[in-house]
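**Q** Could you have a look at this structure, given as structure tokens, before my questions?
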2 protein chains.
Amino acid sequence: MKVLIIHAHPEPQSFSSALKTLAVDTFTEDGHEVQVSDLYAMGFNPVASTADFGERANPDYCVYALEQRHGVKTGTMSADIQLELEKLVQCDLLILNFPLFWCSTPAIMKGWIDRVFVSGAVYGGTRFYDRGGLKGKRALVSVTLGGQPHMFGKQGIHGPFESMLRHLLQGTLAYAGLEVLEPFIAWHVPYIQHEARVEILDKWRDRIRSLEGEIPLSFPSLDDFDERLYPLESTVRQTTE
Amino acid sequence: MKVLIIHAHPEPQSFSSALKTLAVDTFTEDGHEVQVSDLYAMGFNPVASTADFGERANPDYCVYALEQRHGVKTGTMSADIQLELEKLVQCDLLILNFPLFWCSTPAIMKGWIDRVFVSGAVYGGTRFYDRGGLKGKRALVSVTLGGQPHMFGKQGIHGPFESMLRHLLQGTLAYAGLEVLEPFIAWHVPYIQHEARVEILDKWRDRIRSLEGEIPLSFPSLDDFDERLYPLESTVRQTTE
């Protein structure tokens, strides 16, 4: 299996970095091939802009997704995007490893998505959700945060964690065709001691070793919608009954 | 009223930019004071990093939020953050104006949030949700996208729009204490013609002129939770009944 880990944390000694390192070691030990894009270490540029295109489809007005499609066809996207896109297209499992910043990824990782999830390669036209460009690959979000599980329960103050991450799990990863596994969540990290951290690392190692048999989360299928994306009769009936 | 518009679009001639310009003109005409942070034009740096702090609370290990608190106390945060934070603290209404990138803000705007929503000023300790640092101010998200309303309906393929933006509306803006108004959504923008665009602009102008009387969206109140953020008995009873 080819594993691509996208890692983003401003502190190289962070617990998030420890999760990344453990993942690299465990996958490697088990005979998998691992690549890491450590976005802070790379100084990755997260700003989607006209500078991303060596040649423009329309030099007078930039529709970013249309320029991406042109860039894919002509091979003229900037080198850093091209490189990350190649890693992405080649991988079997994509891991996004980050600390929760404002209930989402740090901006540097959002920018990796904005720039590397390229229209024409990753999605576009009718290629999304279960027909997305990354179909056949799996995705796993591993995240560290200060909060505790009861704050993200059904009765929790923030509501369910997966619902807070819906823009990422559904709107991004599942939309691009990836099979999205249940997130790995390291709770309360800044407030816990060494032993509790070791326990999380042990769980993470176990989780990595049991990924193969996991059933991914459930997301919409284009089969349930017509061409204009109105729900098909049968779908409406099922969900309202 | 003091209005702060944070705008982020890679194309200065975009419809999103037209929304921004119309907002500036309308608020100004009506006697309000408007400031705009046009993040692309400013070349705003969206990457939260150790470089944000002129003086470190802990030079050996960066916990970003702790360094922010130290930076606020000592006035040693980098100048670009300081400037944006002053604008934010002084405004009565914050508008985030952007094109939807992967069901969220473009990375450059996510980075504005990561760096400018400073712990110690905007939130921290027990200052969040209805006790957040930005209490008394209002926030409005105005967003352009390619999708259509039926795709974001209850039966829609992506689910309700506000639920897709929950990380921003609840997890960020409401968390910081802002009263969050219903988002202004410009649907299907890349696919519509001049007349339909003018119609949206007219609606936007009307919306801006009727903001005063609006009832904000509803979000959690700390009054319904105990000190450890477990829901109080009465809250549980209400929601399960």
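Each chain of the structure tokens is named A, B, ... in the order shown, its residues numbered from 1; ligands are numbered from 1 in display order.
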Should the cut-off be 7 Å, what would the residue list for chain A against chain B look like, counting only C-alpha atoms, as a PyMOL selection string?
**A** chain A and resi 10-11+46-47+49-50+61-62+101-104+107-108+110-111+114+150-151+155-157+164-167+171-172+220+229-231+236
**Q** How would the residues just chosen look if you wrote them out with N, CA and C atoms as an mmCIF file, in the first residue's frame?
**A**
```cif
data_model
loop_
_atom_site.group_PDB
_atom_site.id
_atom_site.type_symbol
_atom_site.label_atom_id
_atom_site.label_comp_id
_atom_site.auth_asym_id
_atom_site.auth_seq_id
_atom_site.Cartn_x
_atom_site.Cartn_y
_atom_site.Cartn_z
ATOM 1 N N PRO A 10 2.812 23.890 13.427
ATOM 2 C CA PRO A 10 3.892 24.884 13.519
ATOM 3 C C PRO A 10 5.021 24.493 14.479
ATOM 4 N N GLU A 11 4.794 23.493 15.332
ATOM 5 C CA GLU A 11 5.825 23.086 16.305
ATOM 6 C C GLU A 11 6.305 21.664 15.963
ATOM 7 N N PRO A 46 0.165 28.230 0.621
ATOM 8 C CA PRO A 46 -1.235 27.817 0.648
ATOM 9 C C PRO A 46 -2.191 28.709 -0.142
ATOM 10 N N VAL A 47 -1.674 29.732 -0.817
ATOM 11 C CA VAL A 47 -2.581 30.700 -1.445
ATOM 12 C C VAL A 47 -2.843 30.368 -2.914
ATOM 13 N N SER A 49 -3.766 31.109 -6.402
ATOM 14 C CA SER A 49 -3.735 32.397 -7.117
ATOM 15 C C SER A 49 -3.388 32.176 -8.579
ATOM 16 N N THR A 50 -3.432 33.251 -9.332
ATOM 17 C CA THR A 50 -3.109 33.179 -10.760
ATOM 18 C C THR A 50 -1.659 32.750 -10.982
ATOM 19 N N TYR A 61 -9.267 36.955 -17.093
ATOM 20 C CA TYR A 61 -10.223 36.734 -15.988
ATOM 21 C C TYR A 61 -10.005 35.315 -15.459
ATOM 22 N N CYS A 62 -9.651 35.218 -14.215
ATOM 23 C CA CYS A 62 -9.306 33.901 -13.662
ATOM 24 C C CYS A 62 -10.481 33.224 -12.957
ATOM 25 N N PHE A 101 -7.595 23.668 14.217
ATOM 26 C CA PHE A 101 -7.584 25.138 14.301
ATOM 27 C C PHE A 101 -8.968 25.612 13.897
ATOM 28 N N TRP A 102 -9.731 26.162 14.815
ATOM 29 C CA TRP A 102 -11.056 26.687 14.499
ATOM 30 C C TRP A 102 -11.922 25.653 13.783
ATOM 31 N N CYS A 103 -11.988 24.480 14.426
ATOM 32 C CA CYS A 103 -12.835 23.373 13.942
ATOM 33 C C CYS A 103 -12.532 22.973 12.504
ATOM 34 N N SER A 104 -11.288 23.141 12.090
ATOM 35 C CA SER A 104 -10.891 22.782 10.730
ATOM 36 C C SER A 104 -9.378 22.586 10.680
ATOM 37 N N ALA A 107 -4.617 26.791 8.117
ATOM 38 C CA ALA A 107 -4.714 27.376 6.772
ATOM 39 C C ALA A 107 -3.721 26.752 5.790
ATOM 40 N N ILE A 108 -2.538 26.408 6.255
ATOM 41 C CA ILE A 108 -1.533 25.865 5.331
ATOM 42 C C ILE A 108 -2.016 24.546 4.726
ATOM 43 N N LYS A 110 -5.395 23.800 4.493
ATOM 44 C CA LYS A 110 -6.528 24.168 3.639
ATOM 45 C C LYS A 110 -6.016 24.573 2.260
ATOM 46 N N GLY A 111 -4.890 25.278 2.249
ATOM 47 C CA GLY A 111 -4.304 25.703 0.987
ATOM 48 C C GLY A 111 -3.761 24.541 0.160
ATOM 49 N N ASP A 114 -6.939 23.414 -1.426
ATOM 50 C CA ASP A 114 -7.363 24.376 -2.454
ATOM 51 C C ASP A 114 -6.529 24.229 -3.728
ATOM 52 N N HIS A 150 -16.906 14.590 25.658
ATOM 53 C CA HIS A 150 -18.273 14.982 26.036
ATOM 54 C C HIS A 150 -18.692 16.331 25.461
ATOM 55 N N MET A 151 -17.719 17.138 25.045
ATOM 56 C CA MET A 151 -18.052 18.440 24.436
ATOM 57 C C MET A 151 -18.523 18.259 22.998
ATOM 58 N N GLN A 155 -25.278 15.598 22.954
ATOM 59 C CA GLN A 155 -25.740 16.652 23.867
ATOM 60 C C GLN A 155 -24.616 17.642 24.155
ATOM 61 N N GLY A 156 -23.473 17.464 23.501
ATOM 62 C CA GLY A 156 -22.298 18.282 23.789
ATOM 63 C C GLY A 156 -22.466 19.703 23.278
ATOM 64 N N ILE A 157 -21.682 20.590 23.874
ATOM 65 C CA ILE A 157 -21.827 22.008 23.545
ATOM 66 C C ILE A 157 -21.526 22.293 22.076
ATOM 67 N N MET A 164 -19.077 18.714 12.885
ATOM 68 C CA MET A 164 -18.250 19.924 12.832
ATOM 69 C C MET A 164 -17.230 19.836 11.686
ATOM 70 N N LEU A 165 -16.798 18.611 11.378
ATOM 71 C CA LEU A 165 -15.805 18.412 10.306
ATOM 72 C C LEU A 165 -16.450 18.034 8.967
ATOM 73 N N ARG A 166 -17.738 18.272 8.857
ATOM 74 C CA ARG A 166 -18.449 17.839 7.651
ATOM 75 C C ARG A 166 -17.899 18.447 6.357
ATOM 76 N N HIS A 167 -17.476 19.719 6.434
ATOM 77 C CA HIS A 167 -16.904 20.371 5.241
ATOM 78 C C HIS A 167 -15.682 19.619 4.742
ATOM 79 N N GLY A 171 -17.634 17.277 2.387
ATOM 80 C CA GLY A 171 -17.546 18.305 1.350
ATOM 81 C C GLY A 171 -16.225 18.301 0.594
ATOM 82 N N THR A 172 -15.212 17.679 1.153
ATOM 83 C CA THR A 172 -13.899 17.659 0.497
ATOM 84 C C THR A 172 -13.497 16.221 0.145
ATOM 85 N N PRO A 220 -23.209 10.483 0.385
ATOM 86 C CA PRO A 220 -24.155 10.388 -0.736
ATOM 87 C C PRO A 220 -23.587 9.631 -1.935
ATOM 88 N N LEU A 229 -29.109 16.743 -10.163
ATOM 89 C CA LEU A 229 -28.870 16.529 -8.730
ATOM 90 C C LEU A 229 -30.096 16.726 -7.853
ATOM 91 N N TYR A 230 -31.275 16.528 -8.460
ATOM 92 C CA TYR A 230 -32.484 16.418 -7.640
ATOM 93 C C TYR A 230 -32.572 14.977 -7.157
ATOM 94 N N PRO A 231 -32.994 14.769 -5.898
ATOM 95 C CA PRO A 231 -33.071 13.399 -5.397
ATOM 96 C C PRO A 231 -34.081 12.588 -6.208
ATOM 97 N N VAL A 236 -36.151 10.013 -1.868
ATOM 98 C CA VAL A 236 -36.975 10.898 -1.047
ATOM 99 C C VAL A 236 -37.905 10.060 -0.185
#
```
**Q** Could you name the residues that touch Met77 (chain B) at 12 Å or less, counting only C-alpha atoms, but leaving out those on the same chain fewer than 2 positions away, as number ranges by chain?
**A** B: 48-57, 64, 67-75, 79-85, 115-116, 118-119
**Q** What does the structure give for the distance between CA of Pro99 (chain B) and CA of Leu93 (chain A), in Å to one decimal?
**A** 29.1 Å
**Q** Based on DSSP run over this structure's backbone, return all residues of region 84-170 of chain B in strand (DSSP E), as a VMD selection string.
**A** chain B and resid 93 to 99 138 to 144
**Q** By how many Å are CA of Val189 (chain A) and CA of Leu145 (chain A) apart?
**A**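 Separation between CA of Val189 (chain A) and CA of Leu145 (chain A): 5.9 Å.
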**Q** So that I can see what lies close to Thr26 (chain A), please list as a PyMOL selection string the residues with an atom at most 8 Å from it, counting only C-alpha atoms and leaving out residues fewer than 5 positions away in the same chain.
**A** chain A and resi 205+208-209
**Q** To one decimal place, how far is CA of Trp187 (chain A) from CA of Thr126 (chain B) in Å?
**A**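 CA of Trp187 (chain A) sits 18.6 Å away from CA of Thr126 (chain B).
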**Q** Just the helix (DSSP H, G or I) stuff from chain A, please, per backbone DSSP, written as a PyMOL selection string.
**A** chain A and resi 15-29+39-42+50-52+64-74+79-90+107-116+129-131+149-152+161-164+166-174+189-191+194-209+211-213+222-224+233-240
**Q** With distances taken over only C-alpha atoms, which residue among B:Asn58, B:Thr144, B:Ser37, B:Gln90 lies nearest Val24 (chain B)?
**A**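 Closest to Val24 (chain B) of all the choices is B:Ser37.
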**Q** Identify which of the residues A:Gly133, A:Thr28, A:Glu195, A:Ser142 lies closest to Leu94 (chain A), counting only C-alpha atoms when measuring atom-to-atom distances.
**A** A:Ser142
**Q** Which residue gives the smallest distance to Leu100 (chain B) among A:Arg131, A:Leu19, A:Glu233, A:Ala65, with only C-alpha atoms counted?
**A** A:Ala65
**Q** For Lys135 (chain B), find every residue with an atom within 9 Å (counting only C-alpha atoms), except residues of its own chain fewer than 5 positions away, and show them as a PyMOL selection string.
**A** chain B and resi 128-130+176-179
